[in-house]
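protein-v8.txt (compact mmCIF, C-alpha atoms)
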```
# COMPACT_ATOMS: atom_id res chain seq x y z
CA MET A 1 88.30 12.56 -119.39
CA SER A 2 85.29 10.80 -120.81
CA LEU A 3 84.18 7.60 -119.11
CA LEU A 4 84.00 6.17 -122.61
CA ARG A 5 87.78 5.85 -122.44
CA LEU A 6 87.54 3.50 -119.43
CA PRO A 7 87.07 0.27 -121.43
CA SER A 8 90.21 0.98 -123.44
CA LEU A 9 92.11 1.45 -120.17
CA LEU A 10 90.61 -1.65 -118.54
CA LEU A 11 91.09 -4.06 -121.42
CA PRO A 12 94.92 -4.12 -121.17
CA ALA A 13 94.51 -5.14 -117.52
CA LEU A 14 92.11 -7.99 -118.26
CA ILE A 15 94.02 -9.21 -121.33
CA PRO A 16 97.56 -7.98 -120.61
CA SER A 17 100.35 -8.00 -123.17
CA TRP A 18 103.04 -8.67 -120.50
CA ARG A 19 105.79 -7.24 -122.73
CA PHE A 20 107.86 -5.84 -119.85
CA PHE A 21 111.18 -4.24 -120.75
CA ARG A 22 110.96 -5.44 -124.36
CA ALA A 23 113.37 -2.67 -125.31
CA ILE A 24 115.08 0.02 -123.25
CA ALA A 25 113.69 3.28 -124.60
CA PRO A 26 115.16 6.75 -124.04
CA SER A 27 114.52 7.61 -120.42
CA PRO A 28 112.88 10.86 -119.27
CA ARG A 29 114.23 13.26 -116.68
CA VAL A 30 111.86 15.91 -115.38
CA GLU A 31 113.61 19.24 -114.96
CA LEU A 32 112.29 22.39 -113.34
CA ARG A 33 113.29 26.03 -113.43
CA VAL A 34 112.15 28.30 -110.61
CA ASN A 35 111.82 32.04 -111.26
CA GLY A 36 114.05 31.86 -114.35
CA GLY A 37 116.92 30.17 -112.47
CA PRO A 38 118.97 27.16 -113.61
CA TRP A 39 117.29 23.93 -114.72
CA GLN A 40 117.31 21.32 -111.98
CA GLU A 41 116.26 17.70 -112.15
CA VAL A 42 113.43 16.76 -109.80
CA ALA A 43 112.97 13.52 -107.87
CA VAL A 44 116.68 12.74 -108.06
CA ALA A 45 117.67 9.33 -106.70
CA PRO A 46 119.90 9.39 -103.60
CA ALA A 47 123.63 8.70 -104.02
CA HIS A 48 123.43 5.54 -101.94
CA LEU A 49 120.90 3.38 -100.14
CA SER A 50 121.83 0.80 -97.51
CA LEU A 51 120.42 -2.71 -97.60
CA GLY A 52 118.27 -1.83 -94.59
CA GLN A 53 116.83 1.18 -96.38
CA MET A 54 116.07 -0.92 -99.45
CA LEU A 55 114.26 -3.50 -97.32
CA LEU A 56 112.29 -0.82 -95.46
CA ARG A 57 111.22 0.65 -98.78
CA LEU A 58 109.55 -2.64 -99.67
CA ILE A 59 106.67 -1.60 -97.43
CA TRP A 60 106.87 2.21 -97.48
CA ASN A 61 108.16 4.19 -100.42
CA PRO A 62 105.66 6.85 -101.51
CA GLN A 63 108.34 9.21 -102.87
CA ARG A 64 109.67 6.57 -105.22
CA THR A 65 106.19 5.57 -106.39
CA ALA A 66 105.37 9.22 -107.04
CA ALA A 67 108.64 9.65 -108.96
CA LEU A 68 107.81 6.64 -111.16
CA TYR A 69 104.45 8.25 -111.91
CA LEU A 70 106.27 11.37 -113.15
CA VAL A 71 108.15 9.07 -115.54
CA SER A 72 104.84 7.62 -116.78
CA LEU A 73 103.38 11.10 -117.26
CA SER A 74 106.49 12.20 -119.16
CA GLU A 75 106.18 9.25 -121.52
CA ARG A 76 102.47 9.92 -122.06
CA ILE A 77 103.20 13.57 -122.89
CA VAL A 78 105.93 12.80 -125.43
CA GLU A 79 104.64 9.54 -126.91
CA GLN A 80 100.88 10.25 -126.92
CA GLY A 81 100.78 14.05 -126.80
CA SER A 82 98.47 13.73 -123.79
CA HIS A 83 97.22 17.12 -122.57
CA ARG A 84 95.75 15.43 -119.52
CA ALA A 85 99.18 14.08 -118.57
CA GLU A 86 100.72 17.49 -119.17
CA ALA A 87 98.21 19.17 -116.84
CA GLU A 88 98.74 16.45 -114.22
CA LEU A 89 102.54 16.76 -114.38
CA LEU A 90 102.54 20.55 -114.07
CA GLU A 91 99.98 20.45 -111.26
CA ARG A 92 102.13 17.98 -109.30
CA LEU A 93 105.28 20.04 -109.87
CA ALA A 94 103.50 23.20 -108.70
CA ARG A 95 102.16 21.37 -105.65
CA ASP A 96 105.48 19.81 -104.68
CA TYR A 97 107.94 22.55 -105.63
CA GLY A 98 106.26 25.77 -104.72
CA ARG A 99 102.95 27.28 -105.74
CA GLU A 100 104.16 30.79 -105.07
CA HIS A 101 106.88 30.69 -107.73
CA ARG A 102 106.99 31.12 -111.46
CA LEU A 103 107.89 27.66 -112.73
CA GLU A 104 108.91 26.14 -116.06
CA ALA A 105 109.27 22.42 -116.71
CA ARG A 106 110.99 20.44 -119.42
CA LEU A 107 111.46 16.78 -120.23
CA THR A 108 114.93 15.63 -121.21
CA PHE A 109 115.22 12.13 -122.64
CA VAL A 110 118.49 10.27 -122.08
CA THR A 111 119.74 7.45 -124.28
CA ARG A 112 123.02 5.74 -125.18
CA GLY A 113 124.48 6.94 -128.45
CA ALA A 114 127.63 5.99 -130.34
CA ALA A 115 129.72 8.46 -128.34
CA GLY A 116 128.16 7.84 -124.94
CA LEU A 117 125.07 9.11 -123.20
CA GLU A 118 123.05 11.64 -125.17
CA SER A 119 120.15 13.78 -124.01
CA GLU A 120 117.48 15.67 -125.89
CA VAL A 121 114.80 18.05 -124.67
CA LEU A 122 111.49 16.82 -126.11
CA TYR A 123 109.06 19.00 -124.19
CA GLU A 124 109.20 22.41 -122.56
CA SER A 125 106.26 24.00 -120.79
CA ALA A 126 105.14 27.57 -120.81
CA PRO A 127 105.74 29.34 -117.48
CA PHE A 128 103.17 28.31 -114.90
CA THR A 129 102.31 28.71 -111.25
CA GLY A 130 100.29 26.79 -108.68
CA GLY A 131 97.09 28.19 -110.10
CA ARG A 132 97.35 25.89 -113.09
CA GLY A 133 95.66 22.44 -113.32
CA MET B 1 96.22 -26.67 -102.63
CA ASP B 2 92.48 -26.73 -102.03
CA PHE B 3 90.49 -24.31 -104.21
CA LEU B 4 88.77 -22.47 -101.35
CA LEU B 5 92.04 -22.19 -99.43
CA ALA B 6 93.83 -20.76 -102.48
CA LEU B 7 90.99 -18.31 -103.08
CA ARG B 8 90.97 -17.20 -99.45
CA LEU B 9 94.76 -16.86 -99.39
CA THR B 10 94.58 -14.63 -102.46
CA GLU B 11 91.90 -12.47 -100.79
CA VAL B 12 94.00 -12.04 -97.64
CA MET B 13 97.16 -11.20 -99.59
CA MET B 14 95.26 -8.77 -101.84
CA ALA B 15 93.71 -7.05 -98.83
CA LEU B 16 97.16 -6.49 -97.34
CA ALA B 17 98.76 -5.42 -100.65
CA LEU B 18 95.98 -2.95 -101.47
CA ALA B 19 96.04 -1.59 -97.92
CA GLN B 20 99.76 -0.89 -98.33
CA GLN B 21 99.10 0.80 -101.68
CA SER B 22 96.27 2.87 -100.19
CA LEU B 23 98.34 4.17 -97.28
CA GLU B 24 101.19 5.07 -99.63
CA GLN B 25 98.78 6.74 -102.04
CA ILE B 26 97.32 8.90 -99.26
CA ALA B 27 100.86 10.12 -98.54
CA ILE B 28 101.28 10.93 -102.26
CA ASP B 29 97.85 12.42 -103.01
CA ARG B 30 96.22 13.78 -99.87
CA ARG B 31 93.26 15.17 -101.79
CA ASP B 32 92.38 11.59 -102.77
CA THR B 33 92.07 10.53 -99.13
CA PRO B 34 88.27 9.90 -99.17
CA TRP B 35 88.23 7.16 -101.80
CA LEU B 36 91.49 5.72 -100.52
CA LEU B 37 90.00 5.46 -97.02
CA ALA B 38 87.02 3.68 -98.57
CA ARG B 39 89.47 1.27 -100.21
CA LEU B 40 91.18 0.71 -96.86
CA ALA B 41 87.82 -0.10 -95.27
CA LEU B 42 87.10 -2.60 -98.05
CA CYS B 43 90.54 -4.15 -97.49
CA VAL B 44 89.66 -4.67 -93.82
CA ALA B 45 86.33 -6.21 -94.82
CA LEU B 46 88.06 -8.59 -97.23
CA LEU B 47 90.68 -9.44 -94.62
CA VAL B 48 88.02 -10.54 -92.13
CA GLY B 49 86.25 -12.70 -94.70
CA GLN B 50 83.71 -10.47 -96.45
CA GLY B 51 84.32 -11.80 -99.96
CA GLY B 52 81.85 -9.34 -101.48
CA ALA B 53 84.32 -6.54 -100.75
CA VAL B 54 86.15 -7.50 -103.96
CA PHE B 55 83.34 -5.90 -105.99
CA GLY B 56 83.94 -2.58 -104.26
CA LEU B 57 87.70 -2.93 -104.64
CA PHE B 58 87.30 -3.65 -108.34
CA ALA B 59 85.00 -0.62 -108.73
CA LEU B 60 87.58 1.58 -106.98
CA GLY B 61 90.25 0.11 -109.25
CA LEU B 62 88.21 1.37 -112.20
CA TYR B 63 87.87 4.75 -110.53
CA ALA B 64 91.65 4.92 -110.07
CA LEU B 65 92.11 4.16 -113.79
CA HIS B 66 89.77 7.05 -114.55
CA ARG B 67 91.36 9.34 -111.94
CA TYR B 68 94.92 8.88 -113.25
CA ASP B 69 93.94 8.41 -116.91
CA GLY B 70 95.60 5.00 -116.83
CA PRO B 71 97.61 3.00 -114.33
CA PHE B 72 99.40 5.01 -111.63
CA ASN B 73 102.06 2.35 -111.15
CA GLY B 74 102.11 0.63 -114.54
CA GLY B 75 101.99 -3.16 -114.60
CA SER B 76 101.39 -3.51 -110.86
CA ASP B 77 98.08 -1.65 -111.19
CA LYS B 78 97.14 -3.82 -114.16
CA MET B 79 97.89 -6.99 -112.18
CA SER B 80 95.87 -5.62 -109.25
CA LEU B 81 92.86 -5.09 -111.50
CA LEU B 82 93.27 -8.50 -113.12
CA ILE B 83 93.32 -10.25 -109.73
CA LEU B 84 90.33 -8.24 -108.50
CA ALA B 85 88.42 -9.03 -111.71
CA CYS B 86 89.11 -12.75 -111.31
CA LEU B 87 88.18 -12.70 -107.62
CA SER B 88 84.98 -10.80 -108.46
CA VAL B 89 83.94 -13.32 -111.10
CA ALA B 90 84.81 -16.19 -108.75
CA GLU B 91 82.72 -14.56 -106.00
CA ALA B 92 79.74 -14.00 -108.32
CA ALA B 93 80.01 -17.32 -110.17
CA PRO B 94 76.80 -19.39 -110.03
CA THR B 95 78.71 -22.67 -109.84
CA VAL B 96 82.12 -23.85 -108.62
CA PHE B 97 83.03 -24.62 -112.24
CA TRP B 98 82.85 -20.94 -113.26
CA ALA B 99 84.60 -19.85 -110.09
CA GLU B 100 87.42 -22.24 -110.93
CA MET B 101 87.53 -20.97 -114.51
CA ALA B 102 87.96 -17.39 -113.30
CA PHE B 103 90.64 -18.33 -110.79
CA GLY B 104 92.34 -20.58 -113.34
CA TYR B 105 92.45 -17.66 -115.78
CA LEU B 106 94.51 -15.76 -113.20
CA GLY B 107 96.94 -18.68 -112.95
CA VAL B 108 97.27 -18.83 -116.74
CA GLN B 109 97.90 -15.08 -116.93
CA LEU B 110 100.58 -15.39 -114.26
CA VAL B 111 102.41 -17.96 -116.39
CA LEU B 112 101.98 -15.77 -119.47
CA SER B 113 103.36 -12.77 -117.58
CA TYR B 114 106.67 -14.61 -117.32
CA VAL B 115 106.69 -16.48 -120.63
CA ILE B 116 105.80 -13.52 -122.87
CA SER B 117 108.10 -11.20 -120.97
CA GLY B 118 110.93 -13.69 -121.46
CA GLN B 119 110.16 -14.28 -125.13
CA VAL B 120 110.14 -10.60 -126.09
CA LYS B 121 113.48 -10.14 -124.36
CA LEU B 122 114.96 -13.19 -126.11
CA ALA B 123 113.82 -11.77 -129.46
CA ASN B 124 115.75 -8.56 -128.82
CA PRO B 125 119.50 -8.71 -129.70
CA ALA B 126 120.19 -5.98 -127.13
CA TRP B 127 118.97 -8.31 -124.37
CA ARG B 128 120.93 -11.26 -125.76
CA ARG B 129 124.12 -9.18 -125.85
CA GLY B 130 123.61 -7.89 -122.30
CA ASP B 131 123.23 -4.30 -123.57
CA ALA B 132 119.62 -3.94 -122.43
CA LEU B 133 120.26 -4.62 -118.76
CA ARG B 134 123.38 -2.49 -119.02
CA ASP B 135 121.22 0.39 -120.29
CA VAL B 136 118.71 -0.11 -117.48
CA PHE B 137 121.49 0.52 -114.97
CA LEU B 138 123.31 3.12 -117.07
CA TYR B 139 120.62 5.64 -117.93
CA SER B 140 117.10 4.44 -117.17
CA ALA B 141 115.09 6.18 -114.45
CA TYR B 142 114.84 2.95 -112.46
CA PRO B 143 117.97 2.52 -110.26
CA VAL B 144 116.98 3.60 -106.73
CA SER B 145 120.40 5.13 -106.03
CA GLU B 146 123.10 6.63 -108.21
CA ASP B 147 125.81 4.21 -107.06
CA LEU B 148 123.80 1.34 -108.58
CA ARG B 149 124.59 2.78 -112.02
CA ARG B 150 128.10 1.34 -111.60
CA LEU B 151 126.57 -2.11 -112.12
CA ALA B 152 126.26 -1.15 -115.81
CA ASP B 153 129.97 -2.00 -116.12
CA ARG B 154 129.63 -5.41 -114.48
CA ARG B 155 129.39 -7.95 -117.30
CA LEU B 156 128.44 -10.63 -114.81
CA VAL B 157 125.35 -8.65 -113.91
CA THR B 158 124.30 -7.30 -117.30
CA PHE B 159 125.04 -10.33 -119.50
CA TRP B 160 124.61 -13.35 -117.26
CA GLY B 161 121.98 -11.65 -115.12
CA GLY B 162 120.00 -10.88 -118.26
CA TRP B 163 120.27 -14.48 -119.48
CA VAL B 164 119.15 -15.88 -116.11
CA VAL B 165 116.10 -13.59 -116.19
CA MET B 166 115.26 -14.49 -119.80
CA GLY B 167 115.83 -18.21 -119.19
CA VAL B 168 113.67 -18.43 -116.08
CA GLU B 169 110.90 -16.33 -117.62
CA ALA B 170 110.75 -18.03 -121.01
CA ALA B 171 111.06 -21.55 -119.60
CA PHE B 172 108.58 -20.97 -116.78
CA PRO B 173 106.02 -23.58 -118.00
CA VAL B 174 108.61 -26.29 -117.30
CA PHE B 175 108.13 -25.58 -113.59
CA LEU B 176 104.51 -26.72 -113.92
CA LEU B 177 105.57 -30.34 -114.40
CA HIS B 178 105.83 -31.06 -110.67
CA PRO B 179 104.62 -29.33 -107.48
CA LEU B 180 108.16 -29.09 -106.11
CA ALA B 181 109.43 -27.72 -109.42
CA LEU B 182 106.67 -25.11 -109.29
CA LEU B 183 107.68 -24.16 -105.77
CA ALA B 184 111.26 -23.70 -106.97
CA GLY B 185 110.08 -21.69 -109.99
CA LEU B 186 107.92 -19.41 -107.87
CA LEU B 187 110.77 -18.88 -105.39
CA LEU B 188 113.07 -17.93 -108.30
CA ALA B 189 110.44 -15.59 -109.73
CA ALA B 190 109.80 -14.05 -106.30
CA ALA B 191 113.55 -13.47 -105.92
CA PHE B 192 113.49 -11.71 -109.31
CA HIS B 193 110.63 -9.46 -108.18
CA LEU B 194 112.44 -8.80 -104.90
CA ALA B 195 115.56 -7.73 -106.79
CA ASN B 196 113.43 -5.43 -108.97
CA ALA B 197 111.84 -3.98 -105.85
CA MET B 198 115.13 -3.35 -104.08
CA LEU B 199 117.19 -2.16 -107.06
CA PHE B 200 114.52 -0.35 -109.10
CA GLY B 201 111.91 0.64 -106.50
CA LEU B 202 109.23 -1.57 -108.06
CA HIS B 203 107.99 -2.78 -104.67
CA ARG B 204 104.31 -2.76 -105.61
CA PHE B 205 105.08 -5.31 -108.35
CA PHE B 206 106.71 -7.58 -105.77
CA TRP B 207 103.70 -7.72 -103.46
CA ILE B 208 101.02 -7.90 -106.15
CA TRP B 209 102.69 -10.69 -108.14
CA LEU B 210 102.95 -12.76 -104.95
CA CYS B 211 99.17 -12.38 -104.60
CA ALA B 212 98.67 -14.34 -107.82
CA TYR B 213 100.85 -17.28 -106.74
CA PRO B 214 98.12 -19.27 -104.90
CA SER B 215 96.08 -19.38 -108.12
CA LEU B 216 98.93 -21.09 -109.96
CA ILE B 217 99.75 -23.50 -107.13
CA TRP B 218 96.07 -24.53 -107.10
CA LEU B 219 95.86 -24.68 -110.92
CA GLN B 220 98.94 -26.88 -111.18
CA GLY B 221 97.45 -29.35 -108.68
CA ARG B 222 94.06 -29.22 -110.41
CA LEU B 223 95.53 -29.93 -113.84
CA ALA B 224 97.83 -32.65 -112.49
CA GLY B 225 94.83 -34.25 -110.75
CA ALA B 226 92.76 -34.12 -113.93
CA TRP B 227 95.67 -35.61 -115.92
CA THR B 228 96.09 -38.48 -113.44
CA ALA B 229 92.34 -39.16 -113.33
CA GLY B 230 92.08 -39.02 -117.11
```
Target format structure tokens, applied to this file:
Amino acid sequence: MSLLRLPSLLLPALIPSWRFFRAIAPSPRVELRVNGGPWQEVAVAPAHLSLGQMLLRLIWNPQRTAALYLVSLSERIVEQGSHRAEAELLERLARDYGREHRLEARLTFVTRGAAGLESEVLYESAPFTGGRG
Amino acid sequence: MDFLLALRLTEVMMALALAQQSLEQIAIDRRDTPWLLARLALCVALLVGQGGAVFGLFALGLYALHRYDGPFNGGSDKMSLLILACLSVAEAAPTVFWAEMAFGYLGVQLVLSYVISGQVKLANPAWRRGDALRDVFLYSAYPVSEDLRRLADRRLVTFWGGWVVMGVEAAFPVFLLHPLALLAGLLLAAAFHLANAMLFGLHRFFWIWLCAYPSLIWLQGRLAGAWTAG
């Protein structure tokens, strides 16, 4: 990435828009297929967390922070067509889910439709391995 | 609150918050350990009173923006950079007036972070109907555990919870009318951030927003003092 892009990244921090959760957009799920097997969602939230676990995670929660970054990357890929985000996402998946395997990734976006929850695949990668990125 | 005390309190809180972020980030991205260790060292320097460390922390904040092609953790990274920018200007300011202007800007932005966020929600019918918060629990990527998705069916949470959030955020300037009102407002806002941290895993937001609170407590007193004197 060119350093020339830095001012455009910094400006929203110095003069923020603060428009948090203005609307609830379709939400990405990152799914992975290993060696042609079934698609499986990555970074799945646990079924339950106790109050103690929630409190502990206030000071130490790297997995969750990393999972939220995958969400950001997914949105950058689909909304901005960012090749940099695509490379970063695939590199992280290869690093975390097995460099020795043939992997494929896809982004499924979930939203609420008239008949209930609906999902749509908006991105699917070519097969890749840990050598990528 | 005295200006220098508020400034120092912000430095100490930022040092601790950025140290927490750095340790977590090392666990996430081990190959980034060198610059994250440098950030940890700067946090220690800031913690023991080396105010100039904010320049290095701001520079590393810029590097992180470059490294991740944007914020790694969304709004919390933006708030971190904003606070570091304000602290840097305050540190470099030739006179107390400009230092106060920089620190005051942080206080103003803190108020805006609530007011604008509340206003944009109020303008959205989905938020006013309770559908937006319902959708956050129902299908967004945020709930930290699957059983929390059941809260999507709790009208008390999605409708009234949404209205409490919108009301407190949009009406936040009212809390500036009195120091005790501001204390109550900041406690309410901190409780909101705590809920977001526990339910949605946005713990970095919780700590970093608290770091900006001294600037607003000082600014409220400064403005009230100027009003009384005027």
Task: Computed interatomic separation between atom CA of Ala105 of chain A and atom CA of Tyr69 of chain A (Å) - done: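 So the two atoms, atom CA of Ala105 of chain A and atom CA of Tyr69 of chain A, lie 15.7 Å apart.
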TODO: Quick one: pull the distance between atom CA of Leu180 of chain B and atom CA of Lys121 of chain B, Å, one decimal.
DONE: 26.8 Å
Task: Residues near segment 71-88 of chain B, cut-off 9 Å, all atoms listed in the file, skip fewer than 5 positions along chain, as JSON, numbers by chain - done: {"A": [9, 10, 12, 13, 14, 15, 16, 18, 20, 65, 66, 68, 69, 72], "B": [7, 10, 11, 14, 18, 51, 52, 53, 54, 55, 57, 58, 61, 62, 64, 65, 66, 93, 99, 101, 102, 103, 104, 105, 106, 109, 202, 204, 205, 206, 207, 208, 209, 211, 212]}
Go through chain A residue by residue and, counting all atoms listed in the file, keep those with an atom at most 9 Å from chain B; for each kept residue give the shortest atom pair and its distance in Å to one decimal, ordered by chain and increasing number, as a tab-separated table.
```
residue	atom	partner	partner_atom	distance
A:Met1	CA	B:Asp69	CA	7.4
A:Ser2	CA	B:His66	CA	8.6
A:Leu3	CA	B:His66	CA	7.2
A:Arg5	CA	B:His66	CA	8.2
A:Leu6	CA	B:His66	CA	6.4
A:Leu9	CA	B:Gly70	CA	6.0
A:Leu10	CA	B:Leu62	CA	7.4
A:Pro12	CA	B:Lys78	CA	7.4
A:Ala13	CA	B:Lys78	CA	4.5
A:Leu14	CA	B:Leu82	CA	5.3
A:Ile15	CA	B:Leu82	CA	8.3
A:Pro16	CA	B:Lys78	CA	7.7
A:Ser17	CA	B:Ile116	CA	7.8
A:Trp18	CA	B:Ser113	CA	5.0
A:Arg19	CA	B:Ser117	CA	4.9
A:Phe20	CA	B:Ser117	CA	5.5
A:Phe21	CA	B:Lys121	CA	7.3
A:Arg22	CA	B:Lys121	CA	5.3
A:Ala23	CA	B:Ala132	CA	7.0
A:Ile24	CA	B:Ala132	CA	6.1
A:Ala25	CA	B:Ser140	CA	8.3
A:Pro26	CA	B:Ser140	CA	7.5
A:Ser27	CA	B:Ser140	CA	5.2
A:Pro28	CA	B:Ala141	CA	7.1
A:Arg29	CA	B:Ala141	CA	7.5
A:Val44	CA	B:Ser145	CA	8.7
A:Ala45	CA	B:Ser145	CA	5.1
A:Pro46	CA	B:Ser145	CA	4.9
A:Ala47	CA	B:Glu146	CA	4.7
A:His48	CA	B:Ser145	CA	5.1
A:Leu49	CA	B:Ser145	CA	6.2
A:Leu51	CA	B:Met198	CA	8.4
A:Met54	CA	B:Met198	CA	5.3
A:Leu55	CA	B:Met198	CA	6.8
A:Arg57	CA	B:His203	CA	7.5
A:Leu58	CA	B:His203	CA	5.2
A:Ile59	CA	B:Gln20	CA	7.0
A:Trp60	CA	B:Glu24	CA	6.7
A:Asn61	CA	B:Glu24	CA	7.1
A:Pro62	CA	B:Glu24	CA	5.2
A:Gln63	CA	B:Ile28	CA	7.3
A:Arg64	CA	B:Gly201	CA	6.5
A:Thr65	CA	B:Asn73	CA	7.1
A:Ala66	CA	B:Ile28	CA	6.5
A:Leu68	CA	B:Asn73	CA	7.2
A:Tyr69	CA	B:Phe72	CA	6.0
A:Val71	CA	B:Ala141	CA	7.6
A:Ser72	CA	B:Gly74	CA	7.8
A:Arg84	CA	B:Asp69	CA	7.7
A:Ala85	CA	B:Asp69	CA	7.9
A:Glu88	CA	B:Tyr68	CA	8.5
A:Val110	CA	B:Tyr139	CA	6.6
A:Thr111	CA	B:Tyr139	CA	6.7
A:Arg112	CA	B:Asp135	CA	7.5
A:Leu117	CA	B:Tyr139	CA	7.7
```
TODO: Work out how far apart atom CA of Leu107 of chain A and atom CA of Asp32 of chain B are and give it in Å to one decimal.
DONE: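 It comes out at 26.4 Å.
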Produce the centre coordinates and the three edge lengths, each in Å to one decimal, of the box along x, y and z that contains all listed atoms of segment 162-178 of chain B with 5 Å added on each side, as AutoDock Vina command-line options.
```
--center_x 112.4 --center_y -21.0 --center_z -115.8 --size_x 25.8 --size_y 30.2 --size_z 20.3
```
- [ ] Fewer than 6 positions away in the same chain doesn't count, so skip those; otherwise give me all residues within 10 Å of Leu188 of chain B, counting only C-alpha atoms, as a PyMOL selection string.
- [x] chain B and resi 165+168-169+182+194
Task: Counting only C-alpha atoms, the residue of A:Leu4, A:Val78, A:Val30, A:Val42 that sits nearest Leu122 of chain A - done: A:Val78
